[in-house]
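The structure file entry.csv is reproduced below (CSV, C-alpha atoms).
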chain,number,residue,atom,x,y,z
A,1,MET,CA,73.1,150.0,124.2
A,2,LYS,CA,74.4,152.9,122.1
A,3,PHE,CA,77.4,152.3,119.9
A,4,PRO,CA,79.7,155.1,118.8
A,5,ASN,CA,79.2,156.2,115.2
A,6,SER,CA,76.1,154.0,115.0
A,7,PRO,CA,74.9,153.4,111.4
A,8,PRO,CA,72.2,155.7,110.0
A,9,THR,CA,68.7,154.5,109.7
A,10,LEU,CA,67.9,151.9,107.1
A,11,THR,CA,66.5,152.4,103.6
A,12,LEU,CA,64.1,150.6,101.3
A,13,ALA,CA,64.9,148.2,98.4
A,14,GLU,CA,63.7,150.8,95.8
A,15,ARG,CA,66.5,153.1,96.8
A,16,MET,CA,69.3,150.5,96.5
A,17,PRO,CA,71.2,149.3,93.4
A,18,SER,CA,69.2,146.5,91.9
A,19,GLU,CA,71.9,143.8,92.2
A,20,ILE,CA,72.2,144.4,95.9
A,21,CYS,CA,68.5,143.9,96.5
A,22,LYS,CA,67.3,140.4,97.5
A,23,LYS,CA,64.1,138.9,96.2
A,24,HIS,CA,61.1,139.5,98.4
A,25,ILE,CA,63.2,141.5,100.9
A,26,LEU,CA,61.8,145.0,100.8
A,27,THR,CA,63.2,146.8,103.9
A,28,GLY,CA,66.1,146.9,106.3
A,29,TYR,CA,68.9,147.6,103.8
A,30,ARG,CA,72.0,149.3,104.8
A,31,ARG,CA,72.9,152.4,102.9
A,32,PRO,CA,75.6,152.0,100.2
A,33,ASN,CA,78.8,153.9,99.7
A,34,GLN,CA,79.4,154.4,103.4
A,35,PRO,CA,82.8,154.0,105.2
A,36,TRP,CA,84.0,150.4,105.8
A,37,ILE,CA,83.6,150.9,109.6
A,38,TYR,CA,79.9,151.6,109.0
A,39,TYR,CA,79.3,148.0,107.8
A,40,VAL,CA,81.4,146.5,110.7
A,41,ILE,CA,79.3,148.4,113.2
A,42,SER,CA,76.1,147.5,111.4
A,43,VAL,CA,76.3,143.8,112.4
A,44,PHE,CA,75.5,145.0,115.9
A,45,HIS,CA,72.3,146.7,114.7
A,46,ALA,CA,69.1,145.4,113.3
A,47,ASN,CA,69.1,145.1,109.5
A,48,ASN,CA,68.4,142.4,107.0
A,49,GLN,CA,72.0,141.2,107.0
A,50,THR,CA,72.6,141.1,110.8
A,51,LEU,CA,71.4,137.5,111.4
A,52,ASN,CA,73.0,136.4,108.1
A,53,VAL,CA,76.3,137.3,109.6
A,54,TRP,CA,75.7,136.0,113.1
A,55,THR,CA,74.3,132.6,112.0
A,56,HIS,CA,77.6,132.0,110.2
A,57,VAL,CA,79.7,133.4,113.0
A,58,ILE,CA,78.0,131.3,115.7
A,59,GLY,CA,78.2,128.3,113.3
A,60,PHE,CA,81.9,129.0,112.7
A,61,LEU,CA,82.6,129.0,116.5
A,62,TYR,CA,80.7,125.8,117.0
A,63,ILE,CA,82.4,123.9,114.2
A,64,ALA,CA,85.8,125.3,115.3
A,65,TYR,CA,85.1,123.9,118.8
A,66,ARG,CA,84.1,120.5,117.3
A,67,THR,CA,87.3,120.5,115.2
A,68,TYR,CA,89.4,121.2,118.2
A,69,ASP,CA,87.6,118.5,120.2
A,70,ILE,CA,88.2,116.0,117.4
A,71,SER,CA,91.8,116.9,117.1
A,72,LEU,CA,92.3,115.9,120.8
A,73,THR,CA,91.2,112.4,119.9
A,74,PHE,CA,92.5,112.0,116.3
A,75,ASP,CA,95.6,113.4,114.7
A,76,ILE,CA,94.0,115.2,111.8
A,77,VAL,CA,97.3,116.7,110.6
A,78,TYR,CA,99.8,113.9,110.4
A,79,ASP,CA,97.8,110.7,110.5
A,80,PRO,CA,96.8,109.7,106.9
A,81,LYS,CA,93.7,108.0,108.3
A,82,PHE,CA,92.3,111.3,109.6
A,83,ARG,CA,93.8,113.9,107.2
A,84,PRO,CA,90.7,113.8,104.9
A,85,LEU,CA,88.5,114.6,108.0
A,86,GLY,CA,90.8,117.5,108.9
A,87,ALA,CA,90.8,118.8,105.4
A,88,GLY,CA,87.0,118.6,105.2
A,89,LEU,CA,86.5,120.4,108.5
A,90,LEU,CA,88.9,123.1,107.2
A,91,CYS,CA,86.8,123.6,104.1
A,92,GLU,CA,83.6,123.9,106.1
A,93,LEU,CA,85.2,126.5,108.4
A,94,ALA,CA,86.4,128.4,105.3
A,95,LEU,CA,82.8,128.7,104.0
A,96,LEU,CA,81.5,130.0,107.3
A,97,ALA,CA,84.3,132.6,107.7
A,98,VAL,CA,84.1,133.9,104.0
A,99,SER,CA,80.3,134.0,104.0
A,100,SER,CA,80.3,136.1,107.2
A,101,PHE,CA,82.7,138.5,105.5
A,102,ALA,CA,80.6,138.7,102.3
A,103,HIS,CA,77.4,139.4,104.2
A,104,THR,CA,79.2,142.1,106.3
A,105,PHE,CA,80.5,144.1,103.3
A,106,GLY,CA,78.4,143.1,100.4
A,107,ASP,CA,76.1,146.2,100.6
A,108,LYS,CA,78.9,148.8,100.3
A,109,SER,CA,78.7,149.1,96.5
A,110,GLU,CA,77.9,147.1,93.4
A,111,VAL,CA,81.5,146.2,92.9
A,112,ALA,CA,81.9,145.2,96.5
A,113,HIS,CA,78.7,143.2,96.2
A,114,TYR,CA,80.0,141.3,93.2
A,115,ALA,CA,83.4,140.7,94.7
A,116,CYS,CA,82.1,139.5,98.1
A,117,PHE,CA,79.6,137.1,96.7
A,118,CYS,CA,82.0,135.7,94.2
A,119,MET,CA,84.1,135.0,97.2
A,120,ASP,CA,81.1,133.3,98.7
A,121,PHE,CA,80.5,131.2,95.7
A,122,ASN,CA,84.1,130.1,95.7
A,123,ALA,CA,83.9,129.2,99.4
A,124,ILE,CA,80.8,127.1,98.7
A,125,GLY,CA,82.7,125.2,96.1
A,126,ILE,CA,85.5,124.5,98.6
A,127,TYR,CA,82.9,123.5,101.2
A,128,SER,CA,81.3,121.0,98.8
A,129,MET,CA,84.7,119.6,98.0
A,130,GLY,CA,85.5,119.2,101.7
A,131,CYS,CA,82.3,117.3,102.3
A,132,THR,CA,83.2,115.0,99.4
A,133,LEU,CA,86.7,114.4,100.8
A,134,ILE,CA,85.0,113.1,103.9
A,135,SER,CA,82.3,111.1,102.1
A,136,HIS,CA,84.6,109.2,99.7
A,137,THR,CA,87.2,108.3,102.4
A,138,TYR,CA,84.9,107.2,105.2
A,139,PHE,CA,81.6,106.2,103.6
A,140,THR,CA,82.7,103.8,100.8
A,141,ARG,CA,81.8,100.1,101.5
A,142,GLU,CA,82.3,98.3,98.1
A,143,LYS,CA,85.6,97.2,96.6
A,144,GLY,CA,84.9,98.1,93.0
A,145,LEU,CA,83.7,101.6,93.9
A,146,ALA,CA,86.7,102.0,96.3
A,147,THR,CA,89.1,101.2,93.4
A,148,PHE,CA,87.3,103.7,91.1
A,149,LEU,CA,87.3,106.5,93.7
A,150,VAL,CA,91.0,106.0,94.6
A,151,LYS,CA,91.7,106.9,91.0
A,152,TRP,CA,89.1,109.6,90.3
A,153,SER,CA,87.9,111.0,93.6
A,154,ARG,CA,90.3,113.9,93.9
A,155,PRO,CA,90.5,114.9,90.2
A,156,VAL,CA,86.8,115.2,90.0
A,157,CYS,CA,86.6,117.0,93.3
A,158,ILE,CA,89.0,119.6,92.0
A,159,TYR,CA,87.1,120.0,88.7
A,160,LEU,CA,83.7,120.3,90.5
A,161,ALA,CA,85.0,122.9,92.9
A,162,MET,CA,86.5,124.9,90.1
A,163,GLN,CA,83.3,124.6,88.1
A,164,PHE,CA,81.3,125.8,91.1
A,165,SER,CA,83.4,128.9,91.4
A,166,VAL,CA,83.7,129.8,87.7
A,167,LEU,CA,80.1,129.2,86.6
A,168,LEU,CA,78.3,130.7,89.5
A,169,SER,CA,80.6,133.8,89.6
A,170,PHE,CA,80.4,134.6,85.9
A,171,THR,CA,76.7,133.9,85.6
A,172,LYS,CA,76.0,136.3,88.4
A,173,ILE,CA,78.0,139.1,86.7
A,174,ARG,CA,77.1,138.4,83.0
A,175,ILE,CA,73.6,137.1,83.3
A,176,GLY,CA,72.1,138.2,86.6
A,177,ARG,CA,70.9,136.1,89.4
A,178,ASP,CA,67.2,136.5,88.6
A,179,GLN,CA,67.4,135.1,85.1
A,180,LYS,CA,66.2,131.6,84.5
A,181,LEU,CA,69.4,130.5,82.9
A,182,CYS,CA,71.3,131.5,86.0
A,183,LYS,CA,68.9,129.3,88.1
A,184,VAL,CA,69.5,126.4,85.7
A,185,VAL,CA,73.2,126.8,86.0
A,186,GLN,CA,73.0,126.9,89.8
A,187,CYS,CA,70.9,123.7,89.9
A,188,PHE,CA,73.3,121.9,87.6
A,189,VAL,CA,76.4,122.9,89.6
A,190,VAL,CA,74.9,122.1,93.0
A,191,TYR,CA,73.4,118.8,92.1
A,192,SER,CA,76.5,117.6,90.1
A,193,SER,CA,78.6,118.2,93.2
A,194,TYR,CA,76.0,116.6,95.5
A,195,PHE,CA,75.8,113.5,93.3
A,196,TRP,CA,79.6,113.1,93.5
A,197,PHE,CA,79.3,113.5,97.3
A,198,MET,CA,76.5,111.0,97.5
A,199,LEU,CA,78.0,108.3,95.3
A,200,PRO,CA,79.2,106.0,98.2
A,201,LEU,CA,75.8,106.3,99.9
A,202,ILE,CA,73.9,105.6,96.7
A,203,GLN,CA,75.9,102.4,96.2
A,204,ARG,CA,75.3,101.3,99.8
A,205,TYR,CA,71.6,101.8,99.5
A,206,PHE,CA,70.8,100.4,96.1
A,207,TRP,CA,73.6,97.9,95.6
A,208,PRO,CA,74.7,96.7,99.1
A,209,SER,CA,77.7,94.4,99.3
A,210,HIS,CA,76.9,90.7,99.9
A,211,GLY,CA,77.8,89.4,103.3
A,212,TYR,CA,78.2,93.0,104.7
A,213,HIS,CA,75.7,94.2,107.3
A,214,ASP,CA,75.4,97.9,107.0
A,215,ASP,CA,74.2,99.1,110.3
A,216,LYS,CA,75.4,102.7,109.9
A,217,LEU,CA,73.5,103.7,106.8
A,218,GLY,CA,70.6,105.1,108.8
A,219,LEU,CA,72.9,107.7,110.4
A,220,HIS,CA,73.1,109.6,107.1
A,221,VAL,CA,69.4,110.3,106.9
A,222,TYR,CA,69.7,113.4,108.9
A,223,HIS,CA,72.3,115.2,106.8
A,224,LEU,CA,70.4,114.1,103.6
A,225,ILE,CA,67.2,115.7,105.0
A,226,SER,CA,69.1,118.8,106.0
A,227,PHE,CA,70.5,119.3,102.4
A,228,GLN,CA,67.2,118.8,100.7
A,229,LEU,CA,65.5,121.2,103.2
A,230,ASN,CA,68.2,123.7,102.5
A,231,ILE,CA,67.6,123.6,98.8
A,232,LEU,CA,63.8,123.9,99.3
A,233,VAL,CA,64.1,127.0,101.5
A,234,TYR,CA,66.6,128.6,99.2
A,235,SER,CA,64.4,128.0,96.1
A,236,ALA,CA,61.0,128.9,97.6
A,237,HIS,CA,62.0,132.1,99.4
A,238,VAL,CA,59.7,131.4,102.3
A,239,PRO,CA,58.4,132.8,104.5
A,240,GLU,CA,59.1,136.3,103.1
A,241,ARG,CA,57.3,135.4,99.9
A,242,TRP,CA,54.1,135.0,101.8
A,243,PHE,CA,54.5,137.8,104.3
A,244,PRO,CA,56.1,140.9,102.7
A,245,LYS,CA,58.2,143.0,105.1
A,246,LEU,CA,57.4,140.9,108.1
A,247,PHE,CA,60.5,138.7,108.0
A,248,ASP,CA,62.9,141.1,106.4
A,249,ILE,CA,65.0,141.5,109.6
A,250,ILE,CA,64.3,138.2,111.4
A,251,GLY,CA,63.2,134.9,109.9
A,252,GLN,CA,63.9,135.3,106.2
A,253,SER,CA,64.8,132.3,104.1
A,254,HIS,CA,68.5,133.1,103.8
A,255,GLN,CA,68.9,133.1,107.6
A,256,LEU,CA,67.0,129.8,107.8
A,257,GLN,CA,69.3,128.4,105.1
A,258,HIS,CA,72.4,129.3,107.2
A,259,VAL,CA,71.0,127.5,110.2
A,260,ILE,CA,70.1,124.4,108.2
A,261,MET,CA,73.6,124.4,106.6
A,262,VAL,CA,75.2,124.3,110.0
A,263,ALA,CA,72.8,121.5,111.0
A,264,PHE,CA,74.0,119.6,107.9
A,265,VAL,CA,77.6,119.9,108.9
A,266,TYR,CA,76.7,118.9,112.5
A,267,ASN,CA,74.9,115.7,111.2
A,268,LEU,CA,77.7,115.0,108.8
A,269,ILE,CA,80.4,115.1,111.5
A,270,ASN,CA,78.3,112.9,113.8
A,271,ALA,CA,77.8,110.3,111.0
A,272,THR,CA,81.5,110.3,110.2
A,273,LEU,CA,82.6,109.8,113.8
A,274,GLU,CA,80.1,106.9,114.1
A,275,GLU,CA,81.5,105.3,110.8
A,276,LEU,CA,85.0,105.6,112.3
A,277,LYS,CA,83.9,103.7,115.4
A,278,SER,CA,82.4,100.8,113.4
A,279,SER,CA,84.6,97.7,113.3
A,280,SER,CA,82.8,96.4,110.2
A,281,SER,CA,84.0,99.4,108.1
A,282,ALA,CA,87.5,99.5,109.4
A,283,ARG,CA,89.1,97.7,106.5
A,284,PHE,CA,87.5,99.9,103.9
A,285,ILE,CA,88.4,103.1,105.8
A,286,LYS,CA,92.0,101.8,106.1
A,287,PHE,CA,92.2,101.1,102.4
A,288,MET,CA,90.7,104.5,101.3
A,289,ALA,CA,92.8,106.5,103.8
A,290,ARG,CA,96.0,104.9,102.7
A,291,LYS,CA,95.4,106.0,99.1
A,292,LEU,CA,93.4,109.3,99.7
A,293,GLY,CA,94.9,110.4,103.1
A,294,THR,CA,98.2,111.6,101.8
A,295,LYS,CA,99.1,115.3,102.2
A,296,GLU,CA,98.6,115.9,98.5
A,297,ASN,CA,95.2,114.2,98.4
A,298,SER,CA,93.9,116.0,101.5
A,299,TYR,CA,95.3,119.4,102.4
A,300,GLY,CA,97.2,119.7,99.1
A,301,VAL,CA,93.9,119.5,97.1
A,302,VAL,CA,92.3,122.2,99.3
A,303,MET,CA,95.3,124.6,98.8
A,304,LEU,CA,95.3,124.0,95.1
A,305,VAL,CA,91.6,125.0,94.8
A,306,VAL,CA,92.1,128.0,97.1
A,307,TYR,CA,94.9,129.3,94.8
A,308,PHE,CA,92.7,128.9,91.8
A,309,ASN,CA,89.7,130.6,93.5
A,310,CYS,CA,91.9,133.6,94.3
A,311,LEU,CA,92.6,134.0,90.6
A,312,VAL,CA,88.9,133.6,89.8
A,313,ILE,CA,88.0,136.3,92.4
A,314,ALA,CA,90.5,138.7,91.0
A,315,VAL,CA,89.2,138.2,87.4
A,316,THR,CA,85.5,138.4,88.4
A,317,THR,CA,86.2,141.6,90.4
A,318,LEU,CA,87.8,143.1,87.3
A,319,PHE,CA,84.7,142.2,85.2
A,320,ALA,CA,82.5,143.7,87.9
A,321,ILE,CA,84.4,147.0,87.8
A,322,ILE,CA,84.1,147.1,84.0
A,323,LYS,CA,80.4,146.3,84.2
A,324,VAL,CA,79.6,148.9,86.8
A,325,ALA,CA,81.6,151.5,84.9
A,326,GLN,CA,79.7,150.8,81.7
A,327,ASN,CA,76.4,150.9,83.4
A,328,SER,CA,77.2,154.3,85.0
A,329,LYS,CA,78.0,156.0,81.7
A,330,PRO,CA,74.4,156.4,80.4
A,331,SER,CA,73.3,157.8,83.8
A,332,GLU,CA,76.1,160.4,83.7
A,333,VAL,CA,75.1,161.4,80.2
A,334,SER,CA,71.5,161.7,81.2
A,335,ILE,CA,72.4,163.8,84.3
A,336,SER,CA,74.4,166.2,82.2
A,337,LYS,CA,71.5,166.5,79.8
A,338,ASP,CA,69.1,167.2,82.6
A,339,ALA,CA,71.4,169.8,84.0
A,340,GLU,CA,71.6,171.5,80.6
A,341,ASP,CA,67.8,171.4,80.2
A,342,ASP,CA,67.4,173.0,83.7
A,343,ASN,CA,69.6,175.9,82.7
A,344,ASN,CA,67.5,176.5,79.6
A,345,THR,CA,64.1,176.3,81.2
A,346,THR,CA,62.0,179.3,82.1
A,347,CYS,CA,61.1,180.4,85.6
A,348,ASP,CA,57.4,179.7,85.1
A,349,GLN,CA,57.9,176.0,85.7
A,350,THR,CA,56.7,174.5,88.9
A,351,HIS,CA,59.3,174.6,91.6
A,352,ILE,CA,59.9,171.9,94.2
A,353,PRO,CA,58.9,173.1,97.6
A,354,ASP,CA,61.7,173.6,100.1
A,355,ASP,CA,60.1,171.1,102.4
A,356,GLY,CA,60.4,168.3,99.8
A,357,LEU,CA,64.2,168.4,99.4
A,358,PHE,CA,64.8,165.9,102.1
A,359,ASP,CA,61.7,163.6,101.5
A,360,GLY,CA,63.9,160.9,100.1
A,361,ASP,CA,66.1,160.8,103.2
A,362,ILE,CA,63.8,161.8,106.0
A,363,ASN,CA,65.2,159.1,108.3
A,364,VAL,CA,68.9,160.2,107.9
A,365,PRO,CA,70.2,162.0,111.0
A,366,TYR,CA,71.9,165.3,110.2
A,367,SER,CA,75.1,164.0,111.8
A,368,TYR,CA,75.5,161.6,108.8
A,369,LEU,CA,75.2,164.3,106.2
A,370,GLY,CA,78.7,165.4,107.1
A,371,GLY,CA,77.5,169.0,107.9
A,372,HIS,CA,76.0,169.5,104.5
A,373,SER,CA,72.5,169.7,105.8
A,374,LYS,CA,73.1,173.0,107.5
A,375,SER,CA,74.8,174.5,104.4
A,376,MET,CA,72.0,173.3,102.2
A,377,LEU,CA,69.4,174.8,104.5
A,378,ASP,CA,71.3,178.1,104.5
A,379,ASP,CA,71.5,178.1,100.7
A,380,ARG,CA,67.7,177.6,100.5
A,381,SER,CA,67.1,180.4,103.0
A,382,LEU,CA,69.1,182.8,100.9
A,383,GLN,CA,66.9,181.9,97.9
A,384,LYS,CA,63.6,182.7,99.6
A,385,PRO,CA,63.6,186.5,98.9
A,386,LEU,CA,63.7,185.6,95.2
A,387,ASN,CA,60.7,183.3,95.3
A,388,GLY,CA,58.4,186.1,94.5
A,389,LEU,CA,60.3,186.9,91.4
A,390,HIS,CA,60.3,183.3,90.3
A,391,ALA,CA,56.5,183.1,90.9
A,392,SER,CA,55.9,186.0,88.5
A,393,GLY,CA,57.1,184.0,85.6
A,394,CYS,CA,59.9,186.4,84.5
A,395,HIS,CA,63.7,186.5,84.4
A,396,TYR,CA,65.4,189.5,86.0
A,397,SER,CA,69.0,190.4,85.8
A,398,ASP,CA,70.7,192.3,88.6
A,399,ASN,CA,70.6,195.6,86.8
A,400,GLU,CA,66.9,195.3,85.8
A,401,TYR,CA,66.0,194.5,89.4
A,402,LEU,CA,67.9,197.6,90.7
A,403,ASN,CA,66.2,199.8,88.1
A,404,ASP,CA,62.8,198.5,89.1
A,405,LYS,CA,63.6,199.3,92.7
A,406,SER,CA,64.8,202.8,91.9
A,407,GLN,CA,61.5,203.4,90.0

Before we go any further, please render this structure as structure tokens.
Amino acid sequence: MKFPNSPPTLTLAERMPSEICKKHILTGYRRPNQPWIYYVISVFHANNQTLNVWTHVIGFLYIAYRTYDISLTFDIVYDPKFRPLGAGLLCELALLAVSSFAHTFGDKSEVAHYACFCMDFNAIGIYSMGCTLISHTYFTREKGLATFLVKWSRPVCIYLAMQFSVLLSFTKIRIGRDQKLCKVVQCFVVYSSYFWFMLPLIQRYFWPSHGYHDDKLGLHVYHLISFQLNILVYSAHVPERWFPKLFDIIGQSHQLQHVIMVAFVYNLINATLEELKSSSSARFIKFMARKLGTKENSYGVVMLVVYFNCLVIAVTTLFAIIKVAQNSKPSEVSISKDAEDDNNTTCDQTHIPDDGLFDGDINVPYSYLGGHSKSMLDDRSLQKPLNGLHASGCHYSDNEYLNDKSQ
């Protein structure tokens, strides 16, 4: 199927800004500095971001359907018992929507890349907080831990979500994602949030309550495996690490990570619904929901973090603009120096053949050069009569050339 104004052919990693390039992904990049519509249309064409977008879009549609289906059974807006579930599902949908947007427009420029993926980091922080809202409300099975979480669950959730957005956004801009310190910060942020999410399940496994038969603990194995597998795939960069260029378009680790993340949410929802059906856990869920199921402790917490994240995105985008502007200054100076040197060089230097002018963009259709290709070719054709003069190694003014012709 041919789409109107279809994107130009793809380019290689070596021709892209370094921050946009992904580790071990060498081909299939969309060209930067194109109109916004180019990147919208590009999601319908094969490139290394196509499946990154669609895995989230399909996941969003599925989780949205599950949310609607759950809302038909439980009142996730007005019933305090189910408000934390509704807030958690809203956070998961926010991540899938924002990440789809980030992967769609993240290749437009370096500033757009920084801004989009700072949005992505903020959405991941909201997502982790949403999972914790569900975990602390519906997975707690011990009175002492329940009393502790009633007091500290939401404040720590807010802090960890803010920590997630601030640390990951600023380390990407100030340090760079390939630096070891950035990896250490990422591991610290992710596992601190995950530990807070896992706290009720850790207590149930290692310190089970006496006289309480926990027949639902096994349901959580699937989302635990999904999370650890997600971290492994993200860290190892497989299979593209082993097979360069083969999985750049289909099958790269980031695409697998998206699929595993949706599987994590699927397993988490199923485990939560089973916990809600359990009669043995009803009194704990009722106690936690009465304290944590208020509007302020569910949707209010989410909105507070969203407002904070908007501020973080604005500040990090400003930092990104400043960084890109500072990095572009040396290149502008070098370009001006090169142009000055070209004006002072003699004609006996080796000239680039006409056929080599388009070697860097041989795959670009002329229709995407905005009509410049024809004018450039015409300019080169006008210069061909002077090639013999350049080859002689001498400079001729117009008068000298006419005098020679008259002689």

Legend entry - A:His56, A:Arg204, A:Lys216, A:Lys329 ranked by distance to Thr272 (chain A), top pick (using all atoms listed in the file): A:Lys216

Counting only C-alpha atoms, which residues of region 299-325 of chain A sit at most 12 Å from some atom of region 13-31 of chain A, and what is each one's closest atom pair with its distance in Å to one decimal, listed by chain and rising residue number, as JSON lines?
{"residue": "A:Ala320", "atom": "CA", "partner": "A:Glu19", "partner_atom": "CA", "distance": 11.4}
{"residue": "A:Lys323", "atom": "CA", "partner": "A:Glu19", "partner_atom": "CA", "distance": 11.9}
{"residue": "A:Val324", "atom": "CA", "partner": "A:Pro17", "partner_atom": "CA", "distance": 10.7}

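Taking only C-alpha atoms into account, Arg174 (chain A) lies nearest to A:Phe319 out of the set A:Phe319, A:Phe105, A:Phe121, A:Phe287.
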
Legend entry - Coordinates-based distance that separates CA of Gly59 (chain A) from CA of Leu90 (chain A) (Å, one decimal):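 One can read the CA of Leu90 (chain A) to CA of Gly59 (chain A) distance as 13.4 Å.
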
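Between CA of Phe164 (chain A) and CA of Asn122 (chain A) the interatomic distance comes to 6.9 Å.
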
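As for CA of Thr137 (chain A) and CA of His220 (chain A), they are spaced 14.9 Å apart.
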
Legend entry - Distance criterion (all atoms listed in the file): nearest to His213 (chain A) out of A:Met119, A:Tyr191, A:Leu167, A:Ser281: A:Ser281

Legend entry - Test item: residues at most 10 Å from region 70-77 of chain A, all atoms listed in the file, excluding those fewer than 5 positions along its chain, as a PyMOL selection string: chain A and resi 64-65+82-87+89+269+273+293+295+298-299

Legend entry - Given all atoms listed in the file as the counted atoms, nearest of A:Ile231, A:Val190, A:Ile58, A:Val305 to Val262 (chain A):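 Ranked by minimum distance to Val262 (chain A), first place goes to A:Ile58.
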
I'd like the contact shell of Met261 (chain A) - 10 Å cut-off, all atoms listed in the file, skipping same-chain residues fewer than 6 positions apart - returned as a PDB file with C-alpha atoms, in the coordinates of the input.
ATOM      1  CA  THR A  55      74.300 132.600 112.000  1.00  0.00           C
ATOM      2  CA  HIS A  56      77.600 132.000 110.200  1.00  0.00           C
ATOM      3  CA  GLY A  59      78.200 128.300 113.300  1.00  0.00           C
ATOM      4  CA  LEU A  96      81.500 130.000 107.300  1.00  0.00           C
ATOM      5  CA  HIS A 223      72.300 115.200 106.800  1.00  0.00           C
ATOM      6  CA  SER A 226      69.100 118.800 106.000  1.00  0.00           C
ATOM      7  CA  PHE A 227      70.500 119.300 102.400  1.00  0.00           C
ATOM      8  CA  LEU A 229      65.500 121.200 103.200  1.00  0.00           C
ATOM      9  CA  ASN A 230      68.200 123.700 102.500  1.00  0.00           C
ATOM     10  CA  ILE A 231      67.600 123.600  98.800  1.00  0.00           C
ATOM     11  CA  GLN A 255      68.900 133.100 107.600  1.00  0.00           C
ATOM     12  CA  ASN A 267      74.900 115.700 111.200  1.00  0.00           C
TER      13      ASN A 267
END

Inset, instruction - Using all atoms listed in the file, determine which residues lie at most 6 Å from region 195-200 of chain A, disregarding the query and same-chain residues fewer than 3 positions distant; provide the list as a list in words. - result: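 With the cut-off at 6 Å, the set is Thr132, Phe139, Thr140, Tyr191, Ser192 and Gln203 of chain A.
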
Legend entry - Non-local contacts of Ser169 (chain A) (8 Å; all atoms listed in the file; under 4 positions in same chain excluded) as a list of chain:residue names: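 With the cut-off at 8 Å, the set is A:Phe117, A:Cys118, A:Phe121, A:Asn122, A:Ser165, A:Ile173, A:Thr316.
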
Inset, instruction - Mind listing whatever residues come within 10 Å of the point (73.8, 151.9, 104.2)? Use all atoms listed in the file, file coordinates, and give them as a VMD selection string. - result: chain A and resid 7 to 11 16 28 to 35 38 to 39 42 47 107 to 109
